Every structure is written in C-alpha cells, then in structure tokens.
>>> print(open('protein04.tsv').read())   # TSV, N, CA and C atoms
chain	number	residue	atom	x	y	z
A	6	MET	N	150.67	99.99	103.94
A	6	MET	CA	149.26	99.66	103.89
A	6	MET	C	148.86	99.29	102.47
A	7	GLY	N	149.37	100.06	101.47
A	7	GLY	CA	149.05	99.77	100.08
A	7	GLY	C	149.54	98.42	99.65
A	8	GLU	N	150.68	97.98	100.15
A	8	GLU	CA	151.20	96.65	99.81
A	8	GLU	C	150.29	95.56	100.34
A	9	LEU	N	149.78	95.76	101.53
A	9	LEU	CA	148.87	94.77	102.12
A	9	LEU	C	147.57	94.68	101.32
A	10	LEU	N	147.05	95.83	100.89
A	10	LEU	CA	145.82	95.81	100.09
A	10	LEU	C	146.06	95.21	98.71
A	11	ASP	N	147.21	95.46	98.12
A	11	ASP	CA	147.52	94.86	96.82
A	11	ASP	C	147.69	93.35	96.93
A	12	PHE	N	148.24	92.88	98.04
A	12	PHE	CA	148.47	91.45	98.22
A	12	PHE	C	147.15	90.71	98.46
A	13	HIS	N	146.24	91.32	99.20
A	13	HIS	CA	144.97	90.68	99.55
A	13	HIS	C	143.93	90.94	98.45
A	14	VAL	N	143.39	89.88	97.87
A	14	VAL	CA	142.33	90.01	96.88
A	14	VAL	C	141.01	89.87	97.64
A	15	HIS	N	140.24	90.96	97.64
A	15	HIS	CA	139.04	91.02	98.49
A	15	HIS	C	137.96	90.02	98.06
A	16	CYS	N	137.65	89.99	96.80
A	16	CYS	CA	136.55	89.14	96.33
A	16	CYS	C	137.10	87.99	95.50
A	17	ASP	N	137.90	87.17	96.09
A	17	ASP	CA	138.43	86.02	95.38
A	17	ASP	C	137.41	84.91	95.44
A	18	SER	N	136.52	84.88	94.44
A	18	SER	CA	135.42	83.92	94.47
A	18	SER	C	135.81	82.58	93.88
A	19	LYS	N	136.98	82.48	93.25
A	19	LYS	CA	137.41	81.22	92.65
A	19	LYS	C	138.28	80.47	93.65
A	20	PRO	N	137.82	79.36	94.18
A	20	PRO	CA	138.64	78.63	95.12
A	20	PRO	C	139.86	78.01	94.41
A	21	LEU	N	140.89	77.78	95.15
A	21	LEU	CA	142.13	77.29	94.58
A	21	LEU	C	142.10	75.81	94.24
A	22	ASN	N	141.18	75.03	94.81
A	22	ASN	CA	141.18	73.60	94.57
A	22	ASN	C	140.38	73.22	93.33
A	23	PHE	N	139.77	74.17	92.59
A	23	PHE	CA	139.07	73.90	91.35
A	23	PHE	C	139.91	74.38	90.18
A	24	THR	N	139.91	73.62	89.10
A	24	THR	CA	140.52	74.12	87.88
A	24	THR	C	139.50	74.98	87.16
A	25	ASN	N	139.92	75.65	86.12
A	25	ASN	CA	139.01	76.54	85.39
A	25	ASN	C	137.83	75.78	84.81
A	26	SER	N	138.07	74.64	84.18
A	26	SER	CA	136.97	73.88	83.58
A	26	SER	C	136.04	73.32	84.64
A	27	GLU	N	136.61	72.86	85.77
A	27	GLU	CA	135.75	72.36	86.85
A	27	GLU	C	134.90	73.48	87.44
A	28	TRP	N	135.49	74.65	87.58
A	28	TRP	CA	134.76	75.79	88.13
A	28	TRP	C	133.62	76.21	87.22
A	29	HIS	N	133.85	76.23	85.89
A	29	HIS	CA	132.79	76.59	84.94
A	29	HIS	C	131.69	75.53	84.91
A	30	SER	N	132.07	74.27	84.99
A	30	SER	CA	131.03	73.23	85.01
A	30	SER	C	130.22	73.29	86.31
A	31	TYR	N	130.88	73.71	87.40
A	31	TYR	CA	130.17	73.85	88.67
A	31	TYR	C	129.19	75.00	88.62
A	32	LEU	N	129.54	76.07	87.92
A	32	LEU	CA	128.69	77.24	87.85
A	32	LEU	C	127.59	77.14	86.80
A	33	GLU	N	127.62	76.14	85.94
A	33	GLU	CA	126.59	76.01	84.92
A	33	GLU	C	125.22	75.85	85.57
A	34	GLN	N	124.22	76.26	84.82
A	34	GLN	CA	122.85	76.18	85.33
A	34	GLN	C	122.43	74.73	85.48
A	35	LYS	N	122.02	74.38	86.64
A	35	LYS	CA	121.55	73.03	86.91
A	35	LYS	C	120.09	72.90	86.51
A	36	PRO	N	119.69	71.77	85.96
A	36	PRO	CA	118.27	71.61	85.61
A	36	PRO	C	117.41	71.55	86.87
A	37	VAL	N	116.23	72.14	86.78
A	37	VAL	CA	115.30	72.18	87.90
A	37	VAL	C	114.07	71.37	87.53
A	38	MET	N	113.68	70.48	88.40
A	38	MET	CA	112.50	69.68	88.14
A	38	MET	C	111.31	70.34	88.82
A	39	HIS	N	110.30	70.65	88.04
A	39	HIS	CA	109.09	71.26	88.58
A	39	HIS	C	108.05	70.17	88.81
A	40	ILE	N	107.58	70.09	90.03
A	40	ILE	CA	106.55	69.11	90.36
A	40	ILE	C	105.25	69.87	90.57
A	41	ARG	N	104.25	69.50	89.82
A	41	ARG	CA	102.95	70.15	89.92
A	41	ARG	C	102.09	69.39	90.90
A	42	ARG	N	101.58	70.11	91.88
A	42	ARG	CA	100.70	69.50	92.87
A	42	ARG	C	99.27	69.60	92.38
A	43	VAL	N	98.60	68.49	92.31
A	43	VAL	CA	97.22	68.46	91.84
A	43	VAL	C	96.30	68.67	93.03
A	44	LYS	N	95.43	69.67	92.90
A	44	LYS	CA	94.46	69.95	93.97
A	44	LYS	C	93.27	69.02	93.83
A	45	THR	N	92.75	68.60	94.96
A	45	THR	CA	91.55	67.77	94.94
A	45	THR	C	90.33	68.66	94.71
A	46	TRP	N	89.22	68.03	94.37
A	46	TRP	CA	87.98	68.79	94.15
A	46	TRP	C	87.57	69.53	95.41
A	47	ARG	N	87.76	68.90	96.54
A	47	ARG	CA	87.38	69.53	97.81
A	47	ARG	C	88.20	70.80	98.05
A	48	GLU	N	89.51	70.75	97.77
A	48	GLU	CA	90.34	71.94	97.93
A	48	GLU	C	89.94	73.04	96.96
A	49	LYS	N	89.60	72.65	95.73
A	49	LYS	CA	89.17	73.65	94.73
A	49	LYS	C	87.87	74.32	95.15
A	50	ILE	N	86.93	73.53	95.65
A	50	ILE	CA	85.65	74.08	96.07
A	50	ILE	C	85.84	74.99	97.29
A	51	ASN	N	86.66	74.55	98.25
A	51	ASN	CA	86.92	75.38	99.44
A	51	ASN	C	87.59	76.69	99.05
A	52	SER	N	88.53	76.63	98.13
A	52	SER	CA	89.21	77.84	97.68
A	52	SER	C	88.23	78.79	96.98
A	53	PHE	N	87.36	78.23	96.14
A	53	PHE	CA	86.37	79.05	95.45
A	53	PHE	C	85.42	79.72	96.43
A	54	ILE	N	84.95	78.97	97.42
A	54	ILE	CA	84.00	79.52	98.39
A	54	ILE	C	84.68	80.61	99.22
A	55	GLN	N	85.93	80.38	99.62
A	55	GLN	CA	86.63	81.40	100.40
A	55	GLN	C	86.85	82.68	99.60
A	56	ASP	N	87.24	82.53	98.33
A	56	ASP	CA	87.44	83.70	97.49
A	56	ASP	C	86.13	84.47	97.29
A	57	ALA	N	85.06	83.74	97.02
A	57	ALA	CA	83.76	84.39	96.81
A	57	ALA	C	83.28	85.07	98.09
A	58	ALA	N	83.45	84.40	99.23
A	58	ALA	CA	83.01	84.98	100.50
A	58	ALA	C	83.79	86.25	100.83
A	59	SER	N	85.08	86.25	100.54
A	59	SER	CA	85.86	87.46	100.84
A	59	SER	C	85.46	88.61	99.92
A	60	GLU	N	85.18	88.32	98.65
A	60	GLU	CA	84.74	89.37	97.73
A	60	GLU	C	83.39	89.94	98.16
A	61	VAL	N	82.47	89.06	98.52
A	61	VAL	CA	81.14	89.51	98.95
A	61	VAL	C	81.25	90.33	100.23
A	62	ALA	N	82.11	89.91	101.15
A	62	ALA	CA	82.27	90.65	102.40
A	62	ALA	C	82.81	92.06	102.14
A	63	ILE	N	83.80	92.16	101.27
A	63	ILE	CA	84.37	93.48	100.95
A	63	ILE	C	83.33	94.37	100.28
A	64	LEU	N	82.62	93.82	99.31
A	64	LEU	CA	81.61	94.61	98.61
A	64	LEU	C	80.46	95.03	99.53
A	65	SER	N	80.07	94.16	100.44
A	65	SER	CA	78.98	94.52	101.34
A	65	SER	C	79.41	95.60	102.33
A	66	LEU	N	80.67	95.57	102.77
A	66	LEU	CA	81.15	96.66	103.63
A	66	LEU	C	81.18	97.98	102.89
A	67	LEU	N	81.61	97.94	101.64
A	67	LEU	CA	81.62	99.15	100.82
A	67	LEU	C	80.19	99.67	100.63
A	68	THR	N	79.27	98.77	100.35
A	68	THR	CA	77.86	99.15	100.17
A	68	THR	C	77.29	99.74	101.46
A	69	THR	N	77.65	99.13	102.59
A	69	THR	CA	77.18	99.64	103.87
A	69	THR	C	77.64	101.08	104.09
A	70	GLY	N	78.88	101.36	103.77
A	70	GLY	CA	79.40	102.72	103.91
A	70	GLY	C	78.62	103.72	103.07
A	71	PHE	N	78.35	103.36	101.81
A	71	PHE	CA	77.58	104.26	100.95
A	71	PHE	C	76.15	104.46	101.46
A	72	MET	N	75.55	103.40	101.96
A	72	MET	CA	74.19	103.51	102.47
A	72	MET	C	74.13	104.39	103.72
A	73	VAL	N	75.12	104.30	104.57
A	73	VAL	CA	75.16	105.15	105.77
A	73	VAL	C	75.32	106.61	105.37
A	74	VAL	N	76.19	106.87	104.40
A	74	VAL	CA	76.36	108.24	103.92
A	74	VAL	C	75.05	108.76	103.31
A	75	GLY	N	74.35	107.90	102.55
A	75	GLY	CA	73.06	108.28	101.99
A	75	GLY	C	72.03	108.58	103.07
A	76	THR	N	72.03	107.79	104.13
A	76	THR	CA	71.10	108.02	105.24
A	76	THR	C	71.38	109.36	105.91
A	77	ILE	N	72.64	109.64	106.16
A	77	ILE	CA	73.00	110.92	106.78
A	77	ILE	C	72.60	112.09	105.89
A	78	LEU	N	72.84	111.94	104.59
A	78	LEU	CA	72.47	113.00	103.64
A	78	LEU	C	70.95	113.24	103.66
A	79	CYS	N	70.18	112.16	103.62
A	79	CYS	CA	68.72	112.31	103.60
A	79	CYS	C	68.19	112.92	104.89
A	80	HIS	N	68.77	112.53	106.02
A	80	HIS	CA	68.35	113.14	107.29
A	80	HIS	C	68.69	114.63	107.30
A	81	GLY	N	69.85	114.98	106.77
A	81	GLY	CA	70.24	116.39	106.71
A	81	GLY	C	69.33	117.20	105.82
A	82	VAL	N	69.01	116.67	104.65
A	82	VAL	CA	68.11	117.39	103.74
A	82	VAL	C	66.72	117.49	104.35
A	83	ASP	N	66.29	116.46	105.06
A	83	ASP	CA	64.99	116.50	105.71
A	83	ASP	C	64.95	117.60	106.77
A	84	ARG	N	66.05	117.76	107.52
A	84	ARG	CA	66.09	118.84	108.52
A	84	ARG	C	66.01	120.20	107.84
A	85	ILE	N	66.67	120.32	106.69
A	85	ILE	CA	66.59	121.58	105.95
A	85	ILE	C	65.16	121.81	105.46
A	86	GLU	N	64.51	120.76	104.97
A	86	GLU	CA	63.14	120.88	104.48
A	86	GLU	C	62.17	121.22	105.61
A	87	GLN	N	62.44	120.76	106.83
A	87	GLN	CA	61.56	121.06	107.96
A	87	GLN	C	61.54	122.55	108.26
A	88	SER	N	62.60	123.23	107.92
A	88	SER	CA	62.65	124.67	108.19
A	88	SER	C	61.74	125.46	107.26
A	89	ARG	N	61.16	124.83	106.27
A	89	ARG	CA	60.27	125.53	105.35
A	89	ARG	C	58.90	125.81	105.97
A	90	GLY	N	58.63	125.13	107.07
A	90	GLY	CA	57.38	125.41	107.76
A	90	GLY	C	56.21	124.64	107.19
A	91	ASP	N	55.18	125.38	106.72
A	91	ASP	CA	53.94	124.75	106.24
A	91	ASP	C	54.14	123.97	104.94
A	92	GLN	N	55.15	124.28	104.17
A	92	GLN	CA	55.37	123.62	102.89
A	92	GLN	C	56.15	122.31	103.04
A	93	TYR	N	56.42	121.90	104.26
A	93	TYR	CA	57.22	120.69	104.50
A	93	TYR	C	56.45	119.44	104.11
A	94	GLN	N	57.11	118.58	103.31
A	94	GLN	CA	56.58	117.26	102.97
A	94	GLN	C	57.65	116.23	103.33
A	95	PRO	N	57.30	115.23	104.11
A	95	PRO	CA	58.31	114.29	104.63
A	95	PRO	C	58.77	113.26	103.58
A	96	THR	N	59.28	113.69	102.44
A	96	THR	CA	59.75	112.75	101.43
A	96	THR	C	61.17	112.28	101.70
A	97	TRP	N	62.01	113.15	102.24
A	97	TRP	CA	63.40	112.78	102.46
A	97	TRP	C	63.55	111.79	103.61
A	98	ILE	N	62.65	111.85	104.56
A	98	ILE	CA	62.73	110.90	105.68
A	98	ILE	C	62.42	109.48	105.20
A	99	TYR	N	61.55	109.37	104.20
A	99	TYR	CA	61.26	108.05	103.63
A	99	TYR	C	62.48	107.51	102.89
A	100	ASN	N	63.16	108.39	102.17
A	100	ASN	CA	64.40	107.97	101.51
A	100	ASN	C	65.46	107.54	102.53
A	101	ALA	N	65.52	108.27	103.65
A	101	ALA	CA	66.49	107.93	104.69
A	101	ALA	C	66.18	106.55	105.26
A	102	LYS	N	64.90	106.23	105.43
A	102	LYS	CA	64.53	104.91	105.95
A	102	LYS	C	64.90	103.80	104.96
A	103	ILE	N	64.77	104.09	103.67
A	103	ILE	CA	65.18	103.10	102.65
A	103	ILE	C	66.69	102.86	102.74
A	104	PHE	N	67.46	103.95	102.88
A	104	PHE	CA	68.91	103.80	103.01
A	104	PHE	C	69.29	103.06	104.29
A	105	GLU	N	68.58	103.33	105.37
A	105	GLU	CA	68.84	102.63	106.63
A	105	GLU	C	68.60	101.14	106.49
A	106	GLY	N	67.48	100.78	105.88
A	106	GLY	CA	67.18	99.36	105.67
A	106	GLY	C	68.21	98.69	104.78
A	107	SER	N	68.66	99.39	103.75
A	107	SER	CA	69.68	98.83	102.87
A	107	SER	C	71.00	98.63	103.61
A	108	ALA	N	71.34	99.57	104.48
A	108	ALA	CA	72.58	99.44	105.26
A	108	ALA	C	72.50	98.24	106.21
A	109	ILE	N	71.36	98.06	106.84
A	109	ILE	CA	71.19	96.92	107.75
A	109	ILE	C	71.27	95.60	106.98
A	110	ALA	N	70.63	95.56	105.80
A	110	ALA	CA	70.69	94.35	104.98
A	110	ALA	C	72.12	94.08	104.52
A	111	SER	N	72.86	95.12	104.20
A	111	SER	CA	74.24	94.96	103.75
A	111	SER	C	75.13	94.46	104.89
A	112	ILE	N	74.88	94.91	106.10
A	112	ILE	CA	75.62	94.39	107.26
A	112	ILE	C	75.31	92.91	107.46
A	113	ALA	N	74.04	92.53	107.26
A	113	ALA	CA	73.68	91.12	107.39
A	113	ALA	C	74.38	90.27	106.33
A	114	VAL	N	74.50	90.78	105.12
A	114	VAL	CA	75.22	90.06	104.07
A	114	VAL	C	76.69	89.91	104.44
A	115	PHE	N	77.29	90.98	104.99
A	115	PHE	CA	78.68	90.92	105.43
A	115	PHE	C	78.88	89.85	106.49
A	116	LEU	N	78.00	89.82	107.48
A	116	LEU	CA	78.13	88.83	108.55
A	116	LEU	C	77.95	87.41	108.02
A	117	GLY	N	77.02	87.23	107.09
A	117	GLY	CA	76.82	85.90	106.50
A	117	GLY	C	78.03	85.45	105.68
A	118	ALA	N	78.60	86.35	104.89
A	118	ALA	CA	79.78	86.00	104.09
A	118	ALA	C	80.98	85.71	104.99
A	119	SER	N	81.13	86.48	106.05
A	119	SER	CA	82.24	86.25	106.97
A	119	SER	C	82.09	84.91	107.68
A	120	LEU	N	80.88	84.59	108.09
A	120	LEU	CA	80.63	83.31	108.75
A	120	LEU	C	80.87	82.15	107.79
A	121	THR	N	80.44	82.30	106.55
A	121	THR	CA	80.66	81.25	105.55
A	121	THR	C	82.16	81.04	105.31
A	122	GLY	N	82.90	82.15	105.15
A	122	GLY	CA	84.34	82.03	104.96
A	122	GLY	C	85.04	81.40	106.15
A	123	ALA	N	84.59	81.73	107.34
A	123	ALA	CA	85.21	81.15	108.55
A	123	ALA	C	84.92	79.67	108.65
A	124	CYS	N	83.72	79.25	108.30
A	124	CYS	CA	83.38	77.83	108.35
A	124	CYS	C	84.19	77.04	107.33
A	125	VAL	N	84.36	77.57	106.14
A	125	VAL	CA	85.13	76.88	105.11
A	125	VAL	C	86.61	76.84	105.50
A	126	ALA	N	87.13	77.93	106.06
A	126	ALA	CA	88.52	77.97	106.47
A	126	ALA	C	88.77	77.02	107.65
A	127	GLY	N	87.81	76.86	108.51
A	127	GLY	CA	87.94	75.95	109.64
A	127	GLY	C	87.92	74.50	109.24
A	128	ASP	N	87.48	74.22	108.02
A	128	ASP	CA	87.40	72.85	107.54
A	128	ASP	C	88.78	72.26	107.30
A	129	LYS	N	89.82	73.09	107.16
A	129	LYS	CA	91.17	72.59	106.89
A	129	LYS	C	91.71	71.78	108.08
A	130	ASN	N	91.28	72.10	109.27
A	130	ASN	CA	91.77	71.41	110.46
A	130	ASN	C	91.14	70.05	110.64
A	131	ASP	N	90.10	69.74	109.90
A	131	ASP	CA	89.40	68.47	110.06
A	131	ASP	C	90.12	67.31	109.42
A	132	ASP	N	91.03	67.57	108.49
A	132	ASP	CA	91.70	66.47	107.76
A	132	ASP	C	92.76	65.79	108.59
>>> encode(input="protein04.tsv", output="structure tokens")
Amino acid sequence: MGELLDFHVHCDSKPLNFTNSEWHSYLEQKPVMHIRRVKTWREKINSFIQDAASEVAILSLLTTGFMVVGTILCHGVDRIEQSRGDQYQPTWIYNAKIFEGSAIASIAVFLGASLTGACVAGDKNDD
C-alpha cells in the first residue's frame, strides 16, 4: 500500500505538457479591464428616492413603536392616578392622547414612504 501511495502524487497541479517557463507565464496575473457603467440621471434619482423612502419608513416604524409604548405608559399612570380619588386630575390621559395621535401620524408617514418606494421601484419595469 505504501508503494502505491509513494508512486501516486495526489496534488500534481503541474500538467506534463507545459514546460516550467510556460507554466509560470500561464500562472502570471492577467490584466483585468474595469468598465465603469455610467448611471443616467433617472436611475440616480430613482435610487435616491428609494433610499430615502426606506430610511423614512424604518424611522417611522421605530417612532410608532416608541409612541405606542408612551401611550401605554400614560394610560397606566392615569389608572394609578384615578385611584387617588378626589385628588385625581386627568393630565396623563391628555398626554396619552398626544402619544396616540403621534403614533397614528407616524403610521401614516410609514404608509406614504412605503407607497412612494413601491411606485419608484415599479418604474423599472416601464423601460
């Protein structure tokens, strides 16, 4: 078995039909031509709008989450304040309504940004 393994060269990467100089010239680094594709103004504008719409959509979803948490917090504090009885003043419920309105507005911004991004992305099929 050892004789067979000694006879067989496992990784013989040099083919027998090349000489040493031909093999080295074959392995030399070949020059690579880089071709730069020029984007049209329309493609640049579409790319900018899509990037901006995706950023706005992400930020509005994040804002919506914070506003919902704020609304829940204000409703909870208002329930605690209601337990005070005669000393209760409905200030936290007003804050909760502000947070609710902000969350609804943030959802509207998200939907608008998503619709804008979808319209711009759908424009690629028109060409």
>>> atom_distance(input="protein04.tsv", atom1="CA of Ala62 (chain A)", atom2="atom C of Val74 (chain A)")
19.5 Å
>>> residues_near_point(input="protein04.tsv", point="(74.8, 88.0, 104.6)", cutoff="12 Å", atoms="only C-alpha atoms", output="list of chain:residue names")
A:Ala58, A:Ser59, A:Val61, A:Ala62, A:Ile63, A:Leu64, A:Ser65, A:Leu66, A:Thr69, A:Ala108, A:Ile109, A:Ala110, A:Ser111, A:Ile112, A:Ala113, A:Val114, A:Phe115, A:Leu116, A:Gly117, A:Ala118, A:Ser119, A:Leu120, A:Thr121, A:Gly122
>>> closest_residue(input="protein04.tsv", among="A:Trp97, A:His29, A:Ile40, A:Gly127", to="Cys79 (chain A)", atoms="all atoms listed in the file")
A:Trp97
>>> select_by_dssp(input="protein04.tsv", residues="region 26-132 of chain A", states="helix (DSSP H, G or I)", output="VMD selection string")
chain A and resid 26 to 32 46 to 87 90 to 92 96 to 131
>>> atom_distance(input="protein04.tsv", atom1="CA of Met72 (chain A)", atom2="CA of Ala123 (chain A)")
25.7 Å
>>> closest_residue(input="protein04.tsv", among="A:Gln55, A:Thr68, A:Thr76, A:Thr96", to="Val125 (chain A)", atoms="all atoms listed in the file")
A:Gln55
>>> atom_distance(input="protein04.tsv", atom1="CA of Arg41 (chain A)", atom2="CA of Ile54 (chain A)")
22.8 Å
>>> residues_around(input="protein04.tsv", residues="His80 (chain A)", least_positions_apart="2", cutoff="8 Å", atoms="only N, CA and C atoms", output="PDB file with N, CA and C atoms, in the coordinates of the input")
ATOM      1  N   VAL A  74      76.190 106.870 104.400  1.00  0.00           N
ATOM      2  CA  VAL A  74      76.360 108.240 103.920  1.00  0.00           C
ATOM      3  C   VAL A  74      75.050 108.760 103.310  1.00  0.00           C
ATOM      4  N   GLY A  75      74.350 107.900 102.550  1.00  0.00           N
ATOM      5  CA  GLY A  75      73.060 108.280 101.990  1.00  0.00           C
ATOM      6  C   GLY A  75      72.030 108.580 103.070  1.00  0.00           C
ATOM      7  N   THR A  76      72.030 107.790 104.130  1.00  0.00           N
ATOM      8  CA  THR A  76      71.100 108.020 105.240  1.00  0.00           C
ATOM      9  C   THR A  76      71.380 109.360 105.910  1.00  0.00           C
ATOM     10  N   ILE A  77      72.640 109.640 106.160  1.00  0.00           N
ATOM     11  CA  ILE A  77      73.000 110.920 106.780  1.00  0.00           C
ATOM     12  C   ILE A  77      72.600 112.090 105.890  1.00  0.00           C
ATOM     13  N   LEU A  78      72.840 111.940 104.590  1.00  0.00           N
ATOM     14  CA  LEU A  78      72.470 113.000 103.640  1.00  0.00           C
ATOM     15  C   LEU A  78      70.950 113.240 103.660  1.00  0.00           C
ATOM     16  N   VAL A  82      69.010 116.670 104.650  1.00  0.00           N
ATOM     17  CA  VAL A  82      68.110 117.390 103.740  1.00  0.00           C
ATOM     18  C   VAL A  82      66.720 117.490 104.350  1.00  0.00           C
ATOM     19  N   ASP A  83      66.290 116.460 105.060  1.00  0.00           N
ATOM     20  CA  ASP A  83      64.990 116.500 105.710  1.00  0.00           C
ATOM     21  C   ASP A  83      64.950 117.600 106.770  1.00  0.00           C
ATOM     22  N   ARG A  84      66.050 117.760 107.520  1.00  0.00           N
ATOM     23  CA  ARG A  84      66.090 118.840 108.520  1.00  0.00           C
ATOM     24  C   ARG A  84      66.010 120.200 107.840  1.00  0.00           C
ATOM     25  N   ILE A  85      66.670 120.320 106.690  1.00  0.00           N
ATOM     26  CA  ILE A  85      66.590 121.580 105.950  1.00  0.00           C
ATOM     27  C   ILE A  85      65.160 121.810 105.460  1.00  0.00           C
ATOM     28  N   GLU A  86      64.510 120.760 104.970  1.00  0.00           N
ATOM     29  CA  GLU A  86      63.140 120.880 104.480  1.00  0.00           C
ATOM     30  C   GLU A  86      62.170 121.220 105.610  1.00  0.00           C
ATOM     31  N   TRP A  97      62.010 113.150 102.240  1.00  0.00           N
ATOM     32  CA  TRP A  97      63.400 112.780 102.460  1.00  0.00           C
ATOM     33  C   TRP A  97      63.550 111.790 103.610  1.00  0.00           C
ATOM     34  N   ILE A  98      62.650 111.850 104.560  1.00  0.00           N
ATOM     35  CA  ILE A  98      62.730 110.900 105.680  1.00  0.00           C
ATOM     36  C   ILE A  98      62.420 109.480 105.200  1.00  0.00           C
ATOM     37  N   ASN A 100      63.160 108.390 102.170  1.00  0.00           N
ATOM     38  CA  ASN A 100      64.400 107.970 101.510  1.00  0.00           C
ATOM     39  C   ASN A 100      65.460 107.540 102.530  1.00  0.00           C
ATOM     40  N   ALA A 101      65.520 108.270 103.650  1.00  0.00           N
ATOM     41  CA  ALA A 101      66.490 107.930 104.690  1.00  0.00           C
ATOM     42  C   ALA A 101      66.180 106.550 105.260  1.00  0.00           C
ATOM     43  N   LYS A 102      64.900 106.230 105.430  1.00  0.00           N
ATOM     44  CA  LYS A 102      64.530 104.910 105.950  1.00  0.00           C
ATOM     45  C   LYS A 102      64.900 103.800 104.960  1.00  0.00           C
TER      46      LYS A 102
END
>>> closest_residue(input="protein04.tsv", among="A:Ser107, A:Glu60, A:Arg89, A:Ile50", to="Ala126 (chain A)", atoms="only C-alpha atoms")
A:Ile50
>>> closest_residue(input="protein04.tsv", among="A:Gly81, A:Phe71, A:His39, A:Gln92", to="Phe104 (chain A)", atoms="only N, CA and C atoms")
A:Phe71
